[in-house]
>>> print(open('my_file.cif').read())   # mmCIF, C-alpha atoms
data_final
#
loop_
_atom_site.label_atom_id
_atom_site.label_comp_id
_atom_site.auth_asym_id
_atom_site.auth_seq_id
_atom_site.Cartn_x
_atom_site.Cartn_y
_atom_site.Cartn_z
CA MET A 223 69.43 18.14 -49.56
CA LYS A 224 68.47 14.84 -51.12
CA THR A 225 70.68 13.44 -53.88
CA GLU A 226 70.19 10.53 -56.26
CA PHE A 227 73.59 9.64 -57.69
CA SER A 228 73.99 6.13 -59.08
CA LEU A 229 76.33 3.62 -57.43
CA ALA A 230 78.58 3.83 -60.47
CA GLN A 231 78.83 7.62 -60.07
CA LEU A 232 79.53 7.36 -56.34
CA ALA A 233 82.42 5.02 -57.10
CA ASP A 234 84.17 8.07 -58.60
CA PRO A 235 85.90 9.98 -55.75
CA LYS A 236 84.95 13.35 -57.29
CA PHE A 237 81.26 12.48 -57.46
CA SER A 238 81.37 10.99 -53.99
CA ARG A 239 82.89 14.19 -52.62
CA SER A 240 80.35 16.36 -54.43
CA ASN A 241 77.54 14.16 -53.13
CA ASP A 242 78.70 14.76 -49.55
CA ILE A 243 78.90 18.51 -50.15
CA LEU A 244 75.44 18.65 -51.73
CA ARG A 245 73.90 16.74 -48.85
CA ASN A 246 75.17 19.37 -46.41
CA CYS A 247 73.20 22.12 -48.14
CA VAL A 248 69.80 22.89 -46.54
CA HIS A 249 68.93 25.63 -49.06
CA CYS A 250 68.53 28.16 -46.25
CA GLY A 251 69.48 31.06 -48.52
CA PHE A 252 71.92 32.82 -46.17
CA CYS A 253 74.46 32.71 -48.99
CA THR A 254 72.32 34.85 -51.29
CA ALA A 255 72.78 37.90 -49.05
CA THR A 256 76.54 38.00 -49.58
CA CYS A 257 76.85 36.68 -53.15
CA PRO A 258 78.13 39.46 -55.47
CA THR A 259 76.43 38.15 -58.61
CA TYR A 260 73.08 37.68 -56.91
CA THR A 261 73.42 41.14 -55.36
CA GLU A 262 73.98 42.63 -58.82
CA LEU A 263 71.59 40.52 -60.90
CA GLY A 264 68.89 39.40 -58.48
CA ASP A 265 68.59 36.07 -60.30
CA GLU A 266 68.30 32.96 -58.11
CA ARG A 267 70.31 31.04 -60.71
CA ASP A 268 73.19 33.46 -60.07
CA SER A 269 73.22 32.73 -56.34
CA PRO A 270 75.13 29.91 -54.63
CA ARG A 271 71.87 28.21 -53.72
CA GLY A 272 70.67 28.31 -57.32
CA ARG A 273 74.00 27.12 -58.68
CA ILE A 274 74.13 24.26 -56.19
CA TYR A 275 70.73 23.07 -57.41
CA MET A 276 71.85 23.29 -61.05
CA ILE A 277 75.13 21.51 -60.31
CA GLN A 278 73.21 18.69 -58.63
CA GLN A 279 70.94 18.28 -61.66
CA MET A 280 73.88 18.45 -64.08
CA LEU A 281 76.05 15.91 -62.26
CA GLU A 282 73.24 13.47 -61.49
CA SER A 283 72.07 13.45 -65.11
CA GLY A 284 75.39 12.22 -66.47
CA GLU A 285 74.55 14.18 -69.62
CA PRO A 286 76.59 16.98 -71.22
CA ALA A 287 76.30 20.24 -69.29
CA PRO A 288 73.34 22.35 -70.56
CA SER A 289 74.21 25.78 -71.98
CA SER A 290 71.94 27.50 -69.45
CA THR A 291 73.80 25.88 -66.54
CA VAL A 292 77.16 26.76 -68.07
CA THR A 293 76.12 30.42 -68.28
CA HIS A 294 75.38 30.68 -64.57
CA ILE A 295 78.38 28.62 -63.43
CA ASP A 296 80.62 30.82 -65.60
CA ARG A 297 79.23 33.89 -63.83
CA CYS A 298 80.39 32.58 -60.45
CA LEU A 299 83.45 34.49 -59.23
CA SER A 300 84.62 31.73 -56.85
CA CYS A 301 84.93 34.53 -54.30
CA LEU A 302 83.83 32.03 -51.60
CA SER A 303 81.84 34.64 -49.70
CA CYS A 304 79.09 32.03 -49.53
CA MET A 305 81.40 29.72 -47.57
CA THR A 306 81.95 32.42 -44.96
CA THR A 307 78.19 32.92 -44.65
CA CYS A 308 77.03 29.30 -44.81
CA PRO A 309 75.88 27.93 -41.41
CA SER A 310 75.96 24.34 -42.69
CA GLY A 311 79.61 24.19 -43.77
CA VAL A 312 78.94 23.57 -47.46
CA HIS A 313 82.35 23.38 -49.21
CA TYR A 314 81.23 25.29 -52.28
CA MET A 315 84.80 25.71 -53.58
CA HIS A 316 85.32 22.00 -54.20
CA LEU A 317 81.81 21.63 -55.60
CA VAL A 318 82.10 24.43 -58.16
CA ASP A 319 85.59 23.26 -59.16
CA HIS A 320 84.14 19.82 -59.92
CA ALA A 321 81.29 21.44 -61.84
CA ARG A 322 83.74 23.41 -63.98
CA GLN A 323 85.76 20.30 -64.73
CA TYR A 324 82.58 18.47 -65.72
CA ILE A 325 81.61 21.35 -68.01
CA GLU A 326 85.06 21.36 -69.60
CA GLU A 327 84.80 17.61 -70.25
CA THR A 328 81.21 17.46 -71.54
CA HIS A 329 80.25 20.85 -72.99
CA THR A 330 81.35 22.27 -76.34
CA ARG A 331 81.75 26.03 -76.08
CA PRO A 332 81.56 28.43 -79.04
CA LEU A 333 84.80 28.56 -81.04
CA PHE A 334 85.89 32.04 -79.86
CA ASP A 335 85.26 31.08 -76.24
CA ARG A 336 87.36 27.92 -76.61
CA MET A 337 90.16 29.85 -78.28
CA LEU A 338 90.19 32.61 -75.66
CA ARG A 339 90.21 30.20 -72.75
CA GLY A 340 92.91 28.15 -74.41
CA VAL A 341 95.11 31.19 -74.97
CA LEU A 342 94.65 32.45 -71.40
CA GLY A 343 95.39 28.98 -70.02
CA VAL A 344 98.69 28.87 -71.90
CA ILE A 345 99.88 32.48 -71.55
CA LEU A 346 99.00 33.61 -68.03
CA PRO A 347 100.86 30.88 -66.10
CA ARG A 348 104.06 31.48 -68.11
CA PRO A 349 105.76 34.82 -67.31
CA ASN A 350 107.81 35.06 -70.53
CA LEU A 351 104.79 34.44 -72.73
CA PHE A 352 102.68 36.78 -70.61
CA ARG A 353 105.25 39.57 -70.95
CA LEU A 354 105.28 39.08 -74.72
CA ALA A 355 101.48 39.20 -74.81
CA LEU A 356 101.47 42.46 -72.83
CA VAL A 357 103.89 44.01 -75.33
CA GLY A 358 101.40 43.13 -78.05
CA ALA A 359 98.53 44.55 -76.00
CA LEU A 360 100.41 47.83 -75.48
CA LEU A 361 100.97 48.15 -79.22
CA ALA A 362 97.30 47.41 -79.93
CA ARG A 363 95.92 49.59 -77.14
CA PRO A 364 95.35 52.70 -79.36
CA LEU A 365 92.89 50.56 -81.34
CA LYS A 366 90.77 49.57 -78.35
CA LEU A 367 87.91 51.91 -79.30
CA LEU A 368 87.48 49.82 -82.43
CA THR A 369 86.96 46.66 -80.37
CA THR A 370 84.20 45.44 -78.07
CA GLY A 371 83.55 42.85 -75.37
CA ARG A 372 86.35 40.62 -74.19
CA ILE A 373 88.98 41.90 -76.62
CA ARG A 374 88.41 45.45 -75.43
CA ALA A 375 88.46 44.31 -71.80
CA MET A 376 91.87 42.70 -72.32
CA LEU A 377 93.29 45.83 -73.94
CA GLU A 378 91.91 48.03 -71.17
CA MET A 379 93.38 45.81 -68.45
CA ALA A 380 96.85 45.90 -70.00
CA PRO A 381 99.15 48.22 -67.99
CA SER A 382 100.13 51.55 -69.52
CA ARG A 383 103.80 50.53 -69.23
CA LEU A 384 105.72 47.35 -68.53
CA GLU A 385 107.98 47.05 -65.52
CA PRO A 386 111.47 45.63 -66.23
CA PRO A 387 112.16 42.16 -64.85
CA SER A 388 113.33 42.07 -61.25
CA ALA A 389 117.05 42.10 -60.59
CA LEU A 390 116.38 39.33 -58.06
CA ASP A 391 115.06 36.91 -60.71
CA GLY A 392 117.24 33.86 -60.97
CA ILE A 393 118.85 34.25 -57.55
CA PRO A 394 118.02 31.01 -55.69
CA VAL A 395 119.02 32.03 -52.15
CA HIS A 396 118.68 35.36 -50.35
CA PRO A 397 120.54 35.20 -47.02
CA ALA A 398 119.19 36.81 -43.87
CA GLU A 399 120.74 40.23 -43.20
CA THR A 400 121.14 39.35 -39.52
CA SER A 401 121.66 35.96 -37.90
CA ARG A 402 119.30 33.50 -39.54
CA LYS A 403 116.18 32.87 -37.48
CA LYS A 404 114.02 31.16 -40.07
CA ARG A 405 114.24 29.71 -43.57
CA VAL A 406 111.37 29.99 -46.04
CA ALA A 407 110.60 29.39 -49.71
CA LEU A 408 108.98 32.27 -51.60
CA MET A 409 106.46 31.59 -54.33
CA THR A 410 107.19 34.20 -57.01
CA GLY A 411 104.20 33.18 -59.10
CA CYS A 412 103.45 34.01 -62.72
CA ALA A 413 101.41 37.11 -63.62
CA GLN A 414 102.53 39.10 -60.58
CA LYS A 415 106.25 38.87 -61.38
CA VAL A 416 105.47 40.52 -64.73
CA LEU A 417 102.86 43.09 -63.67
CA ALA A 418 104.45 44.16 -60.38
CA PRO A 419 107.90 42.63 -59.77
CA ASP A 420 108.53 44.92 -56.80
CA ILE A 421 106.02 42.95 -54.73
CA ASN A 422 108.38 39.98 -54.70
CA ASP A 423 111.37 42.28 -54.24
CA ALA A 424 109.71 43.98 -51.27
CA THR A 425 108.88 40.59 -49.79
CA VAL A 426 112.51 39.45 -50.03
CA ARG A 427 113.81 42.73 -48.55
CA PHE A 428 111.26 42.62 -45.73
CA LEU A 429 111.97 39.02 -44.79
CA THR A 430 115.78 39.08 -45.02
CA ARG A 431 115.82 42.31 -42.97
CA HIS A 432 114.09 40.40 -40.19
CA GLY A 433 116.46 37.44 -40.09
CA VAL A 434 114.68 35.17 -42.57
CA GLU A 435 116.58 33.35 -45.31
CA VAL A 436 114.54 33.21 -48.51
CA VAL A 437 114.97 30.48 -51.12
CA ILE A 438 113.33 30.52 -54.55
CA PRO A 439 113.46 27.11 -56.24
CA LYS A 440 113.85 27.49 -59.99
CA GLN A 441 111.34 24.73 -60.72
CA ALA A 442 108.47 26.39 -58.83
CA GLY A 443 106.07 28.59 -60.80
CA CYS A 444 102.35 29.12 -61.30
CA CYS A 445 100.18 27.60 -58.56
CA GLY A 446 97.65 26.23 -61.06
CA ALA A 447 94.70 28.34 -59.91
CA LEU A 448 94.09 30.04 -63.27
CA PRO A 449 93.59 26.84 -65.31
CA LEU A 450 91.85 25.12 -62.38
CA HIS A 451 89.14 27.78 -62.25
CA MET A 452 88.59 27.39 -65.99
CA GLY A 453 87.94 23.68 -65.49
CA LYS A 454 91.31 22.62 -66.92
CA GLU A 455 92.27 20.26 -64.11
CA GLY A 456 95.00 18.45 -66.01
CA GLY A 457 96.96 21.63 -66.72
CA ALA A 458 96.44 22.83 -63.15
CA LEU A 459 97.78 19.59 -61.69
CA ASP A 460 100.84 19.70 -63.94
CA LEU A 461 101.73 23.15 -62.62
CA ALA A 462 100.94 22.26 -59.00
CA ARG A 463 103.01 19.08 -59.26
CA GLU A 464 106.13 21.08 -60.17
CA ASN A 465 105.65 23.22 -57.06
CA VAL A 466 105.11 20.26 -54.77
CA LEU A 467 108.30 18.59 -56.01
CA ALA A 468 110.36 21.80 -55.85
CA TRP A 469 109.29 22.74 -52.33
CA SER A 470 109.49 19.15 -51.08
CA SER A 471 113.12 19.05 -52.22
CA GLU A 472 113.87 22.12 -50.06
CA LEU A 473 111.88 20.69 -47.18
CA GLU A 474 113.79 17.42 -47.31
CA GLY A 475 117.11 19.28 -47.65
CA GLU A 476 117.83 22.12 -45.24
CA GLY A 477 114.18 22.32 -44.24
CA LEU A 478 111.60 25.11 -44.40
CA ASP A 479 109.70 26.99 -41.73
CA ALA A 480 107.09 28.17 -44.22
CA ILE A 481 106.24 28.63 -47.88
CA ILE A 482 105.51 32.34 -48.28
CA ILE A 483 102.85 33.42 -50.75
CA ASN A 484 102.12 37.10 -51.44
CA THR A 485 99.27 36.60 -53.91
CA SER A 486 96.26 35.48 -51.92
CA GLY A 487 94.53 33.80 -54.86
CA CYS A 488 97.55 31.53 -55.17
CA GLY A 489 97.64 30.97 -51.42
CA THR A 490 94.10 29.61 -51.35
CA THR A 491 94.98 27.08 -54.04
CA VAL A 492 98.34 26.02 -52.55
CA LYS A 493 96.71 25.48 -49.16
CA ASP A 494 94.32 23.11 -50.98
CA TYR A 495 97.07 20.99 -52.59
CA GLY A 496 96.32 18.19 -50.15
CA HIS A 497 92.83 17.92 -51.65
CA LEU A 498 94.06 18.26 -55.24
CA PHE A 499 96.45 15.32 -54.84
CA GLU A 500 94.50 13.17 -52.38
CA GLU A 501 94.10 10.43 -55.01
CA ASP A 502 97.77 10.53 -56.00
CA ASP A 503 99.54 7.71 -54.17
CA VAL A 504 102.97 9.19 -54.94
CA LEU A 505 102.43 12.86 -54.11
CA SER A 506 99.57 12.97 -51.60
CA GLU A 507 101.75 13.12 -48.48
CA LYS A 508 104.16 15.63 -50.00
CA ALA A 509 101.24 17.79 -51.15
CA LYS A 510 99.74 17.76 -47.65
CA ALA A 511 103.09 18.80 -46.17
CA VAL A 512 103.42 21.64 -48.67
CA ALA A 513 99.85 22.80 -48.02
CA GLY A 514 100.50 22.80 -44.29
CA LEU A 515 103.54 25.07 -44.69
CA ALA A 516 101.84 27.59 -47.00
CA CYS A 517 101.50 31.03 -45.40
CA ASP A 518 100.30 34.37 -46.66
CA ILE A 519 103.03 36.95 -46.12
CA THR A 520 100.90 38.79 -43.52
CA GLU A 521 100.12 35.52 -41.75
CA PHE A 522 103.86 34.92 -41.42
CA ALA A 523 104.78 38.54 -40.66
CA VAL A 524 102.83 38.56 -37.40
CA THR A 525 105.27 35.96 -36.08
CA LEU A 526 108.24 38.32 -36.60
CA ASP A 527 109.49 41.02 -34.26
CA LEU A 528 108.89 44.00 -36.55
CA GLN A 529 110.64 47.28 -35.88
CA LYS A 530 109.49 50.49 -37.50
CA ARG A 531 112.59 52.29 -38.82
CA ALA A 532 111.27 54.98 -41.14
CA GLU A 533 109.52 58.25 -40.39
CA LEU A 534 106.53 58.10 -42.69
CA PRO A 535 103.97 60.74 -43.61
CA SER A 536 100.53 60.40 -42.10
CA LEU A 537 98.65 58.28 -44.63
CA LYS A 538 95.08 57.05 -44.56
CA VAL A 539 95.06 53.53 -46.00
CA ALA A 540 91.90 51.91 -47.32
CA TYR A 541 92.54 48.21 -46.86
CA HIS A 542 90.87 46.02 -49.48
CA SER A 543 90.45 42.50 -48.14
CA ALA A 544 90.81 40.18 -51.13
CA CYS A 545 88.14 37.47 -51.26
CA SER A 546 90.77 34.73 -51.46
CA LEU A 547 92.32 36.08 -48.26
CA GLN A 548 89.24 36.77 -46.13
CA HIS A 549 86.99 33.97 -47.42
CA GLY A 550 89.44 31.46 -48.88
CA GLN A 551 92.09 31.60 -46.13
CA LYS A 552 90.12 33.21 -43.29
CA ILE A 553 92.80 35.87 -42.83
CA LYS A 554 91.06 39.11 -41.91
CA GLN A 555 92.74 41.01 -39.09
CA GLU A 556 96.45 40.33 -39.61
CA PRO A 557 97.04 42.73 -42.53
CA LYS A 558 95.21 45.57 -40.80
CA SER A 559 96.95 44.93 -37.48
CA LEU A 560 100.38 44.97 -39.14
CA LEU A 561 99.68 48.23 -40.97
CA SER A 562 98.29 49.85 -37.84
CA ALA A 563 101.38 48.78 -35.89
CA MET A 564 103.47 50.69 -38.45
CA ASP A 565 101.36 53.80 -37.74
CA PHE A 566 99.33 53.76 -40.94
CA ASN A 567 95.79 55.02 -40.44
CA VAL A 568 93.84 51.97 -41.65
CA THR A 569 90.20 52.31 -42.59
CA ASP A 570 87.71 49.60 -43.52
CA ILE A 571 85.87 49.73 -46.82
CA PRO A 572 82.06 49.48 -46.86
CA GLU A 573 80.78 46.17 -48.24
CA SER A 574 84.25 44.74 -47.77
CA HIS A 575 82.88 41.22 -48.25
CA ILE A 576 81.81 41.99 -51.83
CA CYS A 577 84.29 41.00 -54.58
CA CYS A 578 85.99 43.66 -56.72
CA GLY A 579 85.28 41.63 -59.86
CA SER A 580 88.84 40.60 -60.70
CA ALA A 581 88.71 36.92 -59.69
CA GLY A 582 91.58 35.54 -61.77
CA THR A 583 90.45 35.63 -65.40
CA TYR A 584 86.91 36.75 -64.57
CA ASN A 585 87.47 40.37 -65.62
CA LEU A 586 88.56 39.08 -69.03
CA LEU A 587 85.88 36.43 -69.48
CA GLN A 588 82.95 38.32 -67.89
CA PRO A 589 83.89 41.97 -68.51
CA GLU A 590 80.42 43.50 -68.16
CA LEU A 591 79.61 42.02 -64.76
CA SER A 592 83.20 42.47 -63.63
CA GLY A 593 82.95 46.16 -64.55
CA LYS A 594 79.84 46.60 -62.44
CA LEU A 595 81.54 45.05 -59.43
CA LYS A 596 84.64 47.16 -59.99
CA ASN A 597 82.58 50.36 -60.06
CA ARG A 598 80.83 49.30 -56.87
CA LYS A 599 84.15 48.61 -55.14
CA VAL A 600 85.73 51.87 -56.35
CA LYS A 601 82.72 53.85 -55.13
CA ASN A 602 82.96 52.22 -51.69
CA ILE A 603 86.70 52.90 -51.50
CA ALA A 604 86.24 56.54 -52.53
CA SER A 605 83.63 57.01 -49.78
CA THR A 606 86.38 56.57 -47.15
CA ASN A 607 88.49 59.38 -48.70
CA PRO A 608 91.81 57.53 -48.37
CA ASP A 609 95.29 58.54 -49.50
CA ILE A 610 96.18 55.07 -50.78
CA VAL A 611 94.68 51.60 -51.17
CA ALA A 612 96.41 48.46 -49.89
CA ALA A 613 95.60 44.88 -50.88
CA GLY A 614 97.18 41.45 -50.80
CA ASN A 615 96.38 40.17 -54.29
CA ILE A 616 97.75 41.38 -57.64
CA GLY A 617 94.46 40.75 -59.45
CA CYS A 618 92.56 42.99 -57.05
CA MET A 619 95.27 45.63 -57.27
CA ALA A 620 95.13 45.78 -61.07
CA GLN A 621 91.33 45.79 -61.07
CA ILE A 622 90.99 48.61 -58.55
CA ALA A 623 93.82 50.67 -60.06
CA SER A 624 92.10 50.54 -63.45
CA GLY A 625 89.08 52.29 -61.95
CA MET A 626 90.57 55.10 -59.86
CA ASP A 627 93.53 57.47 -59.66
CA LEU A 628 94.64 56.61 -56.12
CA PRO A 629 97.88 54.65 -55.64
CA VAL A 630 97.19 50.95 -55.07
CA VAL A 631 99.97 49.06 -53.31
CA HIS A 632 100.56 45.63 -51.83
CA THR A 633 100.46 45.38 -48.04
CA VAL A 634 104.01 44.03 -47.97
CA GLN A 635 105.30 47.06 -49.89
CA LEU A 636 104.07 49.30 -47.07
CA LEU A 637 105.53 46.99 -44.42
CA ASP A 638 108.86 46.95 -46.26
CA TRP A 639 108.86 50.77 -46.48
CA ALA A 640 108.00 51.22 -42.80
CA THR A 641 110.76 48.86 -41.66
CA GLY A 642 113.54 50.40 -43.71
CA GLY A 643 112.86 49.64 -47.37
CA PRO A 644 112.35 52.08 -50.24
CA LYS A 645 109.19 54.08 -50.78
CA PRO A 646 106.85 52.23 -53.18
CA ASP A 647 107.04 53.62 -56.72
CA GLN A 648 103.28 54.10 -56.80
CA LEU A 649 103.61 56.78 -54.10
CA SER A 650 106.25 58.85 -55.89
#
>>> encode(input="my_file.cif", output="structure tokens")
Amino acid sequence: MKTEFSLAQLADPKFSRSNDILRNCVHCGFCTATCPTYTELGDERDSPRGRIYMIQQMLESGEPAPSSTVTHIDRCLSCLSCMTTCPSGVHYMHLVDHARQYIEETHTRPLFDRMLRGVLGVILPRPNLFRLALVGALLARPLKLLTTGRIRAMLEMAPSRLEPPSALDGIPVHPAETSRKKRVALMTGCAQKVLAPDINDATVRFLTRHGVEVVIPKQAGCCGALPLHMGKEGGALDLARENVLAWSSELEGEGLDAIIINTSGCGTTVKDYGHLFEEDDVLSEKAKAVAGLACDITEFAVTLDLQKRAELPSLKVAYHSACSLQHGQKIKQEPKSLLSAMDFNVTDIPESHICCGSAGTYNLLQPELSGKLKNRKVKNIASTNPDIVAAGNIGCMAQIASGMDLPVVHTVQLLDWATGGPKPDQLS
């Protein structure tokens, strides 16, 4: 498509990158067929093609972002299904991230919206604060019928009980149970270690059982995806910088074979650290090295010689392919192949390319549309009549579990169980 950015705008690396992305778009409309919001709403402005046109107008104008444009950009899930569909290679992820940063810098949101986004940006990346917030949500949950909108959505998404912190927290090195074959760093993340600490525990058990030493640098934490997708680039870079420095220290010390990530939303962002820091003369090379080592746990697991050790009941597993895994990281077959190799009966879910509506903070900021997508996903899962649901992203797991009674577990919990670990609590 034709663009008309000024020379002054093109001197800015972000505008120059967005200009290149926009010029790749031919407005063919293939993306509309797989876009969840367009599928639900039928509004061209809520399709990738429509948003791309509005982003072009917004950025070229140099004016504050119009409220109408903000509405439709906010409705984007960043599921990246459009990138899987696009025949022209439009890098929509980088374009919409730039758009959100521009909105954050130029648009004044209503007071409640600013406050909510500010609170989420502070609390969610910090496990101790997040745990404290969930305690408050549990106490307030009986009052949820007196609330509406986003407040009610937050109370409904709060778990019915809080898991105790993991006994593995604070342990920097987990030696391989057999002779050490590989050495990896594990990203323990932020929200996941509070909502479902056993996912990290299962990952450590699974890896050490197969001859992998696992290190967990104390300085590493949130990947930065949550603030990044709210347009808060500065906060996102601060968090990402801590990770780059922590993992680089391990890489320069005893070395690392991989950086293991078991939350696919985080994995998509960490694998993009090279782009996030490309203008940083100090960290760019380290960030590229870190991004190159980042692996989803299933991506790494296929390189191990797995041995099934447990006699498991015959279970039909509906595998939910998280958008950040199938579209963001292009990992589609590995999780299903691993589960099938452990004798789980894996079934695909209809419309597997359509987002469940979780999308980081989306289910809190856009509860109505998120609810529609959740109901659609739950209906498709139920149509396969499974015993359990498996997924590779904590956000998806919480979203789906809030809409159905079936156990929802992480893929690595099933792999850990099959190779000698404990039965996941959700299956008790």
>>> residues_around(input="my_file.cif", residues="Lys510 of chain A", least_positions_apart="5", cutoff="9 Å", atoms="all atoms listed in the file", output="number ranges by chain")
A: 493-497, 499-500, 505, 515
>>> residues_around(input="my_file.cif", residues="Phe428 of chain A", least_positions_apart="2", cutoff="9 Å", atoms="only C-alpha atoms", output="list in words")
Asp423, Ala424, Thr425, Val426, Thr430, Arg431, His432, Val434, Val634, Gln635, Leu637, Asp638, Trp639, Thr641, Gly642 and Gly643 of chain A
>>> resolve_selection(input="my_file.cif", expression="the PyMOL selection byres ((chain A and resi 569) around 8)", output="JSON list (two decimals) with C-alpha atoms, in the frame of the given file")
[["chain", "number", "residue", "atom", "x", "y", "z"],
["A", 538, "LYS", "CA", 95.08, 57.05, -44.56],
["A", 539, "VAL", "CA", 95.06, 53.53, -46.00],
["A", 540, "ALA", "CA", 91.90, 51.91, -47.32],
["A", 541, "TYR", "CA", 92.54, 48.21, -46.86],
["A", 567, "ASN", "CA", 95.79, 55.02, -40.44],
["A", 568, "VAL", "CA", 93.84, 51.97, -41.65],
["A", 570, "ASP", "CA", 87.71, 49.60, -43.52],
["A", 571, "ILE", "CA", 85.87, 49.73, -46.82],
["A", 606, "THR", "CA", 86.38, 56.57, -47.15],
["A", 608, "PRO", "CA", 91.81, 57.53, -48.37]]
>>> closest_residue(input="my_file.cif", among="A:Val436, A:Val292, A:Leu346, A:Cys304", to="Met409 of chain A", atoms="only C-alpha atoms")
A:Val436
>>> atom_distance(input="my_file.cif", atom1="atom CA of Tyr275 of chain A", atom2="atom CA of Lys454 of chain A")
22.7 Å
>>> closest_residue(input="my_file.cif", among="A:Pro646, A:Gly625, A:Gly579, A:Gly311", to="Thr259 of chain A", atoms="only C-alpha atoms")
A:Gly579
>>> residues_around(input="my_file.cif", residues="segment 582-589 of chain A", least_positions_apart="6", cutoff="10 Å", atoms="only C-alpha atoms", output="mmCIF file with C-alpha atoms, keeping the file's coordinate frame")
data_model
loop_
_atom_site.group_PDB
_atom_site.id
_atom_site.type_symbol
_atom_site.label_atom_id
_atom_site.label_comp_id
_atom_site.auth_asym_id
_atom_site.auth_seq_id
_atom_site.Cartn_x
_atom_site.Cartn_y
_atom_site.Cartn_z
ATOM 1 C CA ASP A 296 80.620 30.820 -65.600
ATOM 2 C CA ARG A 297 79.230 33.890 -63.830
ATOM 3 C CA CYS A 298 80.390 32.580 -60.450
ATOM 4 C CA LEU A 299 83.450 34.490 -59.230
ATOM 5 C CA SER A 300 84.620 31.730 -56.850
ATOM 6 C CA ASP A 335 85.260 31.080 -76.240
ATOM 7 C CA LEU A 338 90.190 32.610 -75.660
ATOM 8 C CA ARG A 339 90.210 30.200 -72.750
ATOM 9 C CA LEU A 342 94.650 32.450 -71.400
ATOM 10 C CA GLY A 343 95.390 28.980 -70.020
ATOM 11 C CA LEU A 346 99.000 33.610 -68.030
ATOM 12 C CA GLY A 371 83.550 42.850 -75.370
ATOM 13 C CA ARG A 372 86.350 40.620 -74.190
ATOM 14 C CA ILE A 373 88.980 41.900 -76.620
ATOM 15 C CA ARG A 374 88.410 45.450 -75.430
ATOM 16 C CA ALA A 375 88.460 44.310 -71.800
ATOM 17 C CA MET A 376 91.870 42.700 -72.320
ATOM 18 C CA LEU A 377 93.290 45.830 -73.940
ATOM 19 C CA GLU A 378 91.910 48.030 -71.170
ATOM 20 C CA MET A 379 93.380 45.810 -68.450
ATOM 21 C CA ALA A 447 94.700 28.340 -59.910
ATOM 22 C CA LEU A 448 94.090 30.040 -63.270
ATOM 23 C CA PRO A 449 93.590 26.840 -65.310
ATOM 24 C CA HIS A 451 89.140 27.780 -62.250
ATOM 25 C CA MET A 452 88.590 27.390 -65.990
ATOM 26 C CA GLY A 487 94.530 33.800 -54.860
ATOM 27 C CA CYS A 488 97.550 31.530 -55.170
ATOM 28 C CA LEU A 595 81.540 45.050 -59.430
ATOM 29 C CA LYS A 596 84.640 47.160 -59.990
ATOM 30 C CA ILE A 616 97.750 41.380 -57.640
ATOM 31 C CA GLY A 617 94.460 40.750 -59.450
ATOM 32 C CA CYS A 618 92.560 42.990 -57.050
ATOM 33 C CA GLN A 621 91.330 45.790 -61.070
#
>>> residues_around(input="my_file.cif", residues="Ile393 of chain A", least_positions_apart="4", cutoff="12 Å", atoms="only C-alpha atoms", output="PyMOL selection string")
chain A and resi 388-389+397+408+410+423+426+436-440
>>> closest_residue(input="my_file.cif", among="A:Gly456, A:Leu317, A:Pro386, A:Gly514", to="Arg239 of chain A", atoms="only C-alpha atoms")
A:Leu317
>>> closest_residue(input="my_file.cif", among="A:Ser486, A:Gln529, A:Ser580, A:Ser536", to="Ile553 of chain A", atoms="only C-alpha atoms")
A:Ser486
>>> closest_residue(input="my_file.cif", among="A:Thr293, A:Asn422, A:Ser506, A:Ser382", to="Ile482 of chain A", atoms="all atoms listed in the file")
A:Asn422
>>> resolve_selection(input="my_file.cif", expression="the PyMOL selection byres ((chain A and resi 312) around 7)", output="JSON list (two decimals) with C-alpha atoms, in the coordinates of the input")
[["chain", "number", "residue", "atom", "x", "y", "z"],
["A", 243, "ILE", "CA", 78.90, 18.51, -50.15],
["A", 246, "ASN", "CA", 75.17, 19.37, -46.41],
["A", 247, "CYS", "CA", 73.20, 22.12, -48.14],
["A", 305, "MET", "CA", 81.40, 29.72, -47.57],
["A", 308, "CYS", "CA", 77.03, 29.30, -44.81],
["A", 310, "SER", "CA", 75.96, 24.34, -42.69],
["A", 311, "GLY", "CA", 79.61, 24.19, -43.77],
["A", 313, "HIS", "CA", 82.35, 23.38, -49.21],
["A", 314, "TYR", "CA", 81.23, 25.29, -52.28]]
>>> closest_residue(input="my_file.cif", among="A:Phe252, A:Val341, A:Leu561, A:Ile277", to="Pro309 of chain A", atoms="only C-alpha atoms")
A:Phe252
>>> atom_distance(input="my_file.cif", atom1="atom CA of Lys508 of chain A", atom2="atom CA of Ser470 of chain A")
6.5 Å
>>> axis_aligned_box(input="my_file.cif", around="segment 633-643 of chain A", padding_each_side="4 Å", output="AutoDock Vina command-line options")
--center_x 107.0 --center_y 47.6 --center_z -45.8 --size_x 21.1 --size_y 15.2 --size_z 16.2
